[in-house]
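**Q** My structure is in data.csv, and what it holds is CSV, C-alpha atoms:
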chain,number,residue,atom,x,y,z
A,59,MET,CA,-143.9,-8.9,121.5
A,60,THR,CA,-145.8,-10.9,124.2
A,61,TRP,CA,-145.7,-14.7,124.4
A,62,THR,CA,-149.3,-14.8,123.0
A,63,ASP,CA,-148.2,-12.9,120.0
A,64,ARG,CA,-145.2,-15.2,119.5
A,65,ILE,CA,-147.5,-18.3,119.7
A,66,LEU,CA,-149.9,-16.9,117.2
A,67,VAL,CA,-147.0,-16.3,114.7
A,68,PHE,CA,-147.4,-20.0,113.8
A,69,SER,CA,-150.5,-21.7,112.6
A,70,ALA,CA,-152.0,-24.9,113.9
A,71,PHE,CA,-150.5,-26.7,110.9
A,72,ASP,CA,-147.1,-25.6,111.9
A,73,TYR,CA,-147.5,-27.0,115.4
A,74,GLY,CA,-148.9,-30.2,114.1
A,75,ALA,CA,-146.0,-30.6,111.7
A,76,VAL,CA,-143.5,-30.1,114.5
A,77,ALA,CA,-145.4,-32.7,116.6
A,78,ALA,CA,-145.3,-35.1,113.7
A,79,LEU,CA,-141.6,-34.6,113.3
A,80,ILE,CA,-140.9,-35.3,117.0
A,81,CYS,CA,-143.2,-38.3,117.0
A,82,CYS,CA,-141.5,-39.8,113.9
A,83,TRP,CA,-138.1,-39.3,115.6
A,84,VAL,CA,-139.1,-40.9,118.9
A,85,TRP,CA,-141.0,-43.7,117.2
A,86,ILE,CA,-138.3,-44.8,114.8
A,87,GLY,CA,-135.7,-44.7,117.6
A,88,TRP,CA,-137.9,-46.9,119.9
A,89,ARG,CA,-138.8,-49.3,117.0
A,90,ILE,CA,-135.1,-49.8,116.1
A,91,GLU,CA,-134.0,-50.3,119.7
A,92,HIS,CA,-137.0,-52.5,120.6
A,93,PRO,CA,-137.7,-54.6,117.5
A,94,ALA,CA,-140.2,-57.4,117.4
A,95,PRO,CA,-138.7,-60.7,118.6
A,96,GLY,CA,-138.9,-62.3,115.1
A,97,ARG,CA,-137.8,-59.2,113.2
A,98,PRO,CA,-134.5,-57.8,114.6
A,99,SER,CA,-133.2,-54.6,113.4
A,100,VAL,CA,-129.7,-54.1,112.0
A,101,SER,CA,-128.6,-52.5,115.2
A,102,ALA,CA,-129.9,-55.5,117.2
A,103,LEU,CA,-128.1,-57.9,114.9
A,104,MET,CA,-124.9,-55.9,115.1
A,105,ALA,CA,-125.1,-56.1,118.9
A,106,ASP,CA,-124.8,-59.9,118.7
A,107,PHE,CA,-121.8,-59.5,116.4
A,108,ARG,CA,-120.2,-57.2,118.9
A,109,ARG,CA,-120.5,-59.8,121.6
A,110,ASP,CA,-119.0,-62.4,119.2
A,111,TRP,CA,-116.2,-59.9,118.5
A,112,MET,CA,-115.3,-59.7,122.2
A,113,ARG,CA,-115.4,-63.4,122.7
A,114,GLN,CA,-113.1,-63.9,119.7
A,115,MET,CA,-110.7,-61.2,121.1
A,116,VAL,CA,-110.0,-63.4,124.1
A,117,THR,CA,-108.0,-66.0,122.1
A,118,ARG,CA,-106.7,-63.5,119.4
A,119,GLN,CA,-102.9,-63.0,119.8
A,120,PRO,CA,-101.8,-60.3,119.4
A,121,ARG,CA,-104.9,-58.1,119.8
A,122,VAL,CA,-103.6,-55.4,117.4
A,123,PHE,CA,-106.7,-55.7,115.1
A,124,ASP,CA,-109.0,-55.1,118.0
A,125,ALA,CA,-107.2,-52.0,119.2
A,126,GLN,CA,-107.2,-50.6,115.7
A,127,LEU,CA,-110.9,-51.3,115.2
A,128,ILE,CA,-111.9,-49.5,118.5
A,129,SER,CA,-109.6,-46.6,117.5
A,130,ILE,CA,-111.4,-46.3,114.2
A,131,MET,CA,-114.7,-46.2,116.0
A,132,ARG,CA,-113.5,-43.4,118.2
A,133,GLN,CA,-112.3,-41.5,115.2
A,134,GLY,CA,-115.7,-41.8,113.6
A,135,THR,CA,-117.5,-40.4,116.6
A,136,SER,CA,-115.0,-37.6,116.8
A,137,PHE,CA,-115.6,-36.7,113.2
A,138,PHE,CA,-119.3,-36.5,113.6
A,139,ALA,CA,-119.1,-34.6,116.8
A,140,SER,CA,-116.9,-32.0,115.2
A,141,THR,CA,-119.3,-31.8,112.2
A,142,ALA,CA,-122.2,-31.3,114.6
A,143,VAL,CA,-120.4,-28.5,116.4
A,144,ILE,CA,-119.6,-26.7,113.1
A,145,ALA,CA,-123.2,-27.0,112.0
A,146,VAL,CA,-124.4,-25.6,115.4
A,147,GLY,CA,-122.0,-22.7,115.0
A,148,GLY,CA,-123.3,-22.0,111.5
A,149,GLY,CA,-126.9,-22.1,112.8
A,150,LEU,CA,-126.2,-19.7,115.6
A,151,ALA,CA,-124.5,-17.3,113.2
A,152,LEU,CA,-127.6,-17.6,111.0
A,153,ILE,CA,-129.9,-16.7,113.8
A,154,GLY,CA,-128.0,-13.5,114.3
A,155,ASN,CA,-128.6,-12.6,110.6
A,156,THR,CA,-132.2,-13.6,110.0
A,157,ASP,CA,-132.9,-10.5,107.9
A,158,ARG,CA,-130.6,-11.8,105.2
A,159,LEU,CA,-132.3,-15.2,105.5
A,160,ALA,CA,-135.7,-13.6,105.2
A,161,GLY,CA,-134.5,-11.9,102.0
A,162,VAL,CA,-133.3,-15.2,100.6
A,163,ALA,CA,-136.6,-16.9,101.5
A,164,ASP,CA,-138.5,-14.1,99.7
A,165,ASP,CA,-136.4,-14.6,96.6
A,166,LEU,CA,-137.1,-18.3,96.7
A,167,ALA,CA,-140.9,-17.6,97.0
A,168,LEU,CA,-141.0,-19.2,100.5
A,169,GLY,CA,-143.2,-16.3,101.7
A,170,VAL,CA,-142.7,-13.3,103.9
A,171,ALA,CA,-142.5,-13.8,107.7
A,172,PRO,CA,-141.2,-12.0,110.7
A,173,ALA,CA,-137.6,-12.7,111.8
A,174,LEU,CA,-138.9,-14.6,114.8
A,175,VAL,CA,-140.3,-17.3,112.6
A,176,TRP,CA,-137.0,-17.9,110.9
A,177,GLU,CA,-135.2,-17.9,114.2
A,178,ILE,CA,-137.5,-20.6,115.7
A,179,LYS,CA,-137.3,-22.7,112.6
A,180,ILE,CA,-133.5,-22.6,112.8
A,181,LEU,CA,-133.7,-23.3,116.6
A,182,ILE,CA,-135.5,-26.6,115.9
A,183,VAL,CA,-132.6,-27.6,113.6
A,184,LEU,CA,-130.1,-26.6,116.3
A,185,LEU,CA,-131.9,-28.6,118.9
A,186,PHE,CA,-131.5,-31.8,116.8
A,187,LEU,CA,-127.9,-31.0,116.1
A,188,SER,CA,-127.1,-30.3,119.7
A,189,ASN,CA,-128.7,-33.6,120.7
A,190,ALA,CA,-126.6,-35.3,118.0
A,191,PHE,CA,-123.4,-33.7,119.3
A,192,LEU,CA,-124.1,-34.9,122.9
A,193,LYS,CA,-124.7,-38.4,121.7
A,194,PHE,CA,-121.6,-38.5,119.6
A,195,VAL,CA,-119.5,-37.2,122.5
A,196,TRP,CA,-120.9,-39.7,124.8
A,197,ALA,CA,-120.3,-42.5,122.3
A,198,ASN,CA,-116.7,-41.4,122.0
A,199,ARG,CA,-116.3,-41.6,125.7
A,200,LEU,CA,-117.9,-45.0,125.9
A,201,PHE,CA,-115.7,-46.4,123.1
A,202,GLY,CA,-112.8,-45.1,125.3
A,203,TYR,CA,-114.2,-47.1,128.3
A,204,CYS,CA,-114.5,-50.1,126.0
A,205,ALA,CA,-110.8,-49.8,125.0
A,206,VAL,CA,-109.8,-49.8,128.7
A,207,LEU,CA,-112.0,-52.9,129.4
A,208,MET,CA,-110.6,-54.7,126.4
A,209,ALA,CA,-107.1,-54.0,127.7
A,210,ALA,CA,-108.2,-55.4,131.1
A,211,VAL,CA,-109.2,-58.8,129.6
A,212,PRO,CA,-106.5,-61.3,130.7
A,213,ASN,CA,-104.4,-62.9,128.0
A,214,ASP,CA,-104.9,-66.4,129.5
A,215,PRO,CA,-108.3,-67.8,128.3
A,216,GLU,CA,-108.3,-70.0,131.4
A,217,ASP,CA,-108.4,-67.0,133.7
A,218,PRO,CA,-111.8,-66.9,135.4
A,219,HIS,CA,-112.0,-63.2,134.8
A,220,CYS,CA,-111.3,-63.5,131.1
A,221,PHE,CA,-114.8,-64.0,129.5
A,222,PRO,CA,-116.7,-61.9,132.1
A,223,ARG,CA,-114.3,-59.0,131.3
A,224,ALA,CA,-114.9,-59.6,127.6
A,225,ALA,CA,-118.7,-59.5,128.2
A,226,GLN,CA,-118.3,-56.2,130.0
A,227,ALA,CA,-116.4,-54.8,127.1
A,228,ALA,CA,-119.1,-56.0,124.7
A,229,ASP,CA,-121.9,-54.4,126.8
A,230,ILE,CA,-120.1,-51.0,126.8
A,231,ASN,CA,-119.3,-51.3,123.1
A,232,ILE,CA,-123.0,-52.0,122.4
A,233,THR,CA,-124.0,-49.0,124.5
A,234,ALA,CA,-121.6,-46.8,122.7
A,235,ALA,CA,-122.9,-47.9,119.3
A,236,ARG,CA,-126.5,-47.2,120.5
A,237,SER,CA,-125.5,-43.7,121.4
A,238,PHE,CA,-123.7,-43.2,118.1
A,239,ASN,CA,-126.8,-44.4,116.2
A,240,LYS,CA,-129.0,-42.0,118.2
A,241,GLY,CA,-126.7,-39.2,117.1
A,242,LEU,CA,-127.0,-40.2,113.5
A,243,ARG,CA,-130.8,-40.3,113.7
A,244,ALA,CA,-130.8,-36.8,115.3
A,245,THR,CA,-128.7,-35.6,112.4
A,246,TYR,CA,-131.1,-37.1,109.9
A,247,PHE,CA,-134.0,-35.4,111.5
A,248,ALA,CA,-132.1,-32.1,111.8
A,249,LEU,CA,-131.8,-32.3,108.0
A,250,ALA,CA,-135.5,-33.1,107.7
A,251,SER,CA,-136.4,-30.1,109.9
A,252,VAL,CA,-134.8,-27.8,107.4
A,253,ALA,CA,-137.9,-28.5,105.2
A,254,TRP,CA,-140.0,-26.4,107.6
A,255,PHE,CA,-138.6,-23.4,105.8
A,256,ALA,CA,-140.8,-24.4,102.9
A,257,GLY,CA,-143.9,-24.8,105.1
A,258,PRO,CA,-145.5,-27.4,107.4
A,259,LEU,CA,-146.5,-29.8,104.7
A,260,ALA,CA,-142.9,-30.0,103.5
A,261,LEU,CA,-141.9,-30.6,107.1
A,262,VAL,CA,-144.3,-33.5,107.5
A,263,ALA,CA,-143.2,-35.0,104.2
A,264,ALA,CA,-139.6,-34.7,105.1
A,265,ALA,CA,-140.2,-36.4,108.5
A,266,VAL,CA,-142.1,-39.3,106.9
A,267,VAL,CA,-139.5,-39.8,104.2
A,268,THR,CA,-136.7,-39.8,106.8
A,269,THR,CA,-138.6,-42.3,108.9
A,270,VAL,CA,-139.2,-44.6,105.9
A,271,ILE,CA,-135.5,-44.4,105.0
A,272,LEU,CA,-134.4,-45.3,108.5
A,273,TYR,CA,-137.0,-48.1,108.7
A,274,ARG,CA,-135.9,-49.6,105.4
A,275,ARG,CA,-132.2,-49.5,106.4
A,276,GLU,CA,-132.9,-51.2,109.7
A,277,PHE,CA,-135.5,-53.7,108.7
A,278,ALA,CA,-135.6,-54.2,104.9
A,279,SER,CA,-132.0,-53.5,103.6
A,280,HIS,CA,-129.6,-55.7,101.8
A,281,SER,CA,-127.1,-55.3,104.6
A,282,ARG,CA,-129.7,-56.8,107.0
A,283,GLU,CA,-130.1,-59.8,104.7
A,284,VAL,CA,-126.3,-60.3,104.7
A,285,LEU,CA,-126.3,-60.2,108.5
A,286,LEU,CA,-129.0,-62.8,108.7
A,287,ARG,CA,-127.3,-65.0,106.2
A,288,LEU,CA,-125.7,-68.0,108.0
A,289,PRO,CA,-122.4,-69.6,107.0
A,290,ALA,CA,-122.6,-72.9,105.2
A,291,ASP,CA,-121.3,-74.9,108.2
A,292,SER,CA,-123.4,-73.2,110.8
A,293,GLY,CA,-126.1,-75.8,111.0
A,294,SER,CA,-129.5,-74.7,112.2
A,295,HIS,CA,-128.3,-72.0,114.5
A,296,THR,CA,-130.1,-68.6,113.9
A,297,PRO,CA,-129.1,-65.2,115.2
A,298,SER,CA,-130.8,-64.0,118.3
Take the structure in this file and express it as structure tokens.

**A**
Amino acid sequence: MTWTDRILVFSAFDYGAVAALICCWVWIGWRIEHPAPGRPSVSALMADFRRDWMRQMVTRQPRVFDAQLISIMRQGTSFFASTAVIAVGGGLALIGNTDRLAGVADDLALGVAPALVWEIKILIVLLFLSNAFLKFVWANRLFGYCAVLMAAVPNDPEDPHCFPRAAQAADINITAARSFNKGLRATYFALASVAWFAGPLALVAAAVVTTVILYRREFASHSREVLLRLPADSGSHTPS
């Protein structure tokens, strides 16, 4: 089968649906990480709290709580990375057995298509899962860097290196969280791309629904309202 034959296996609607999926993935990621100045996302609000955490760590003695918290974050990234690897392995095994998958699709009235079609549809899912795995692994590594920087913060608050070291730890922590969130978004869109098995319209619908869910969680959720809520004695200060 030539490349032309492979390209013609899919319709223009299929290519448009995949383009819509990728556009939704890129757009929601950009919108979350670059929110409007007056409408911060949950991720942006949490970045401020992470900086506050590192400033509070300077005077916290002992720092057992901080060490436990960063350890929990590393465990979370390890769990999701392991899950992504298992999912990728399952997808690769499925690619090697597309005949059975085609039979299942036929039983579910999803239509009859060459094995190449199912392989490419699975490949799209695997690409998102692989991206998620790489993001989770990098987030785990960065949380490890953050732990080292936290340990390097002097115990004496009067030390001139104390707060600069804490700020460095906060920046690395925020970068790790950003990578972790990217991995989660890639996982969400990997699940959305499974809808392509039901056709291009199902894929577009799944991409839009996933984007709406992510947008709501970041910009219109109850948790965001809680993060914006100020303590009673905070005066007129508002989160950045």

**Q** So that I can see what lies close to A:His92, please list as JSON, numbers by chain the residues with an atom at most 12 Å from it, counting only C-alpha atoms and leaving out residues fewer than 5 positions away in the same chain.

**A** {"A": [84, 85, 86, 87, 97, 98, 99, 100, 101, 102, 103, 236, 276]}

**Q** When distances are computed from only C-alpha atoms, which of A:Met131, A:Ala228, A:Ala248, A:Leu259 shows the smallest separation from A:Ala197?

**A**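 Selected residue with least distance to A:Ala197: A:Met131.
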
**Q** Between A:Phe221, A:Trp83, A:Phe123, A:Trp254, which one has atoms that come closest to A:Val266, using all atoms listed in the file?

**A** A:Trp83

**Q** Could you work out how far atom CA of A:Ala250 lies from atom CA of A:Ala265, giving the answer in Å with one decimal?

**A**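 Those two atoms sit 5.8 Å apart.
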
**Q** Could you tell me which of A:Val284, A:Asp72, A:Ile180, A:Thr269 comes closest to A:Gly154 if we count all atoms listed in the file?

**A**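 For A:Gly154, the nearest of the candidates is A:Ile180.
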
**Q** A:Met208, A:Ser251, A:Lys240, A:Leu127: which is nearest A:Leu184, counting all atoms listed in the file?

**A**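 Residue with the minimum atom-to-atom distance to A:Leu184: A:Ser251.
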
**Q** Which one of A:Ile232, A:Leu286, A:Leu272, A:Leu261 sits closest to A:Leu79 if you count all atoms listed in the file?

**A**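 Nearest to A:Leu79: A:Leu261.
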
**Q** In Å to one decimal, how far is atom CA of A:Ser188 from atom CA of A:Val143?

**A**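 Calculated distance between atom CA of A:Val143 and atom CA of A:Ser188 is 7.7 Å.
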
**Q** Compile the contact shell of A:Leu185 as a compact mmCIF listing (two decimals) with C-alpha atoms, in the frame of the given file: residues with an atom at most 12 Å away, counting all atoms listed in the file, same-chain residues fewer than 5 positions apart removed.

**A**
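Dumped to selection10.txt:
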# COMPACT_ATOMS: atom_id res chain seq x y z
CA ILE A 80 -140.90 -35.30 117.00
CA ALA A 142 -122.20 -31.30 114.60
CA VAL A 143 -120.40 -28.50 116.40
CA ALA A 145 -123.20 -27.00 112.00
CA VAL A 146 -124.40 -25.60 115.40
CA GLY A 149 -126.90 -22.10 112.80
CA LEU A 150 -126.20 -19.70 115.60
CA ILE A 178 -137.50 -20.60 115.70
CA LYS A 179 -137.30 -22.70 112.60
CA ILE A 180 -133.50 -22.60 112.80
CA ALA A 190 -126.60 -35.30 118.00
CA PHE A 191 -123.40 -33.70 119.30
CA LEU A 192 -124.10 -34.90 122.90
CA GLY A 241 -126.70 -39.20 117.10
CA ALA A 244 -130.80 -36.80 115.30
CA THR A 245 -128.70 -35.60 112.40
CA PHE A 247 -134.00 -35.40 111.50
CA ALA A 248 -132.10 -32.10 111.80
CA LEU A 249 -131.80 -32.30 108.00
CA SER A 251 -136.40 -30.10 109.90
CA VAL A 252 -134.80 -27.80 107.40

**Q** Which is closest to A:Gly147 among A:Val67, A:Ala209, A:Ala105, A:Val183, if we use only C-alpha atoms?

**A**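 Closest residue, counting only C-alpha atoms: A:Val183.
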
**Q** Kindly give the distance, in Å, that separates atom CA of A:Thr117 and atom CA of A:Pro215, rounded to a single decimal.

**A**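 Between atom CA of A:Thr117 and atom CA of A:Pro215 the gap is 6.5 Å.
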
**Q** Might you pull out every residue within 10 Å of A:Val195, with all atoms listed in the file counted and same-chain residues fewer than 2 positions away left off, and present them as a list of chain:residue names?

**A**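 Close residues of A:Val195: A:Arg132, A:Thr135, A:Ser136, A:Phe138, A:Ala139, A:Ser140, A:Ala190, A:Phe191, A:Leu192, A:Lys193, A:Ala197, A:Asn198, A:Arg199, A:Leu200, A:Phe201, A:Ala234, A:Ser237, A:Phe238, A:Gly241.
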
**Q** Tell me, as a list of chain:residue names, which residues lie within 12 Å of A:Gln226, counting only C-alpha atoms; anything in the same chain fewer than 5 positions away does not count.

**A** A:Arg108, A:Arg109, A:Met112, A:Arg113, A:Leu200, A:Tyr203, A:Cys204, A:Ala205, A:Val206, A:Leu207, A:Met208, A:Ala209, A:Ala210, A:Val211, A:His219, A:Cys220, A:Phe221, A:Asn231, A:Ile232, A:Thr233
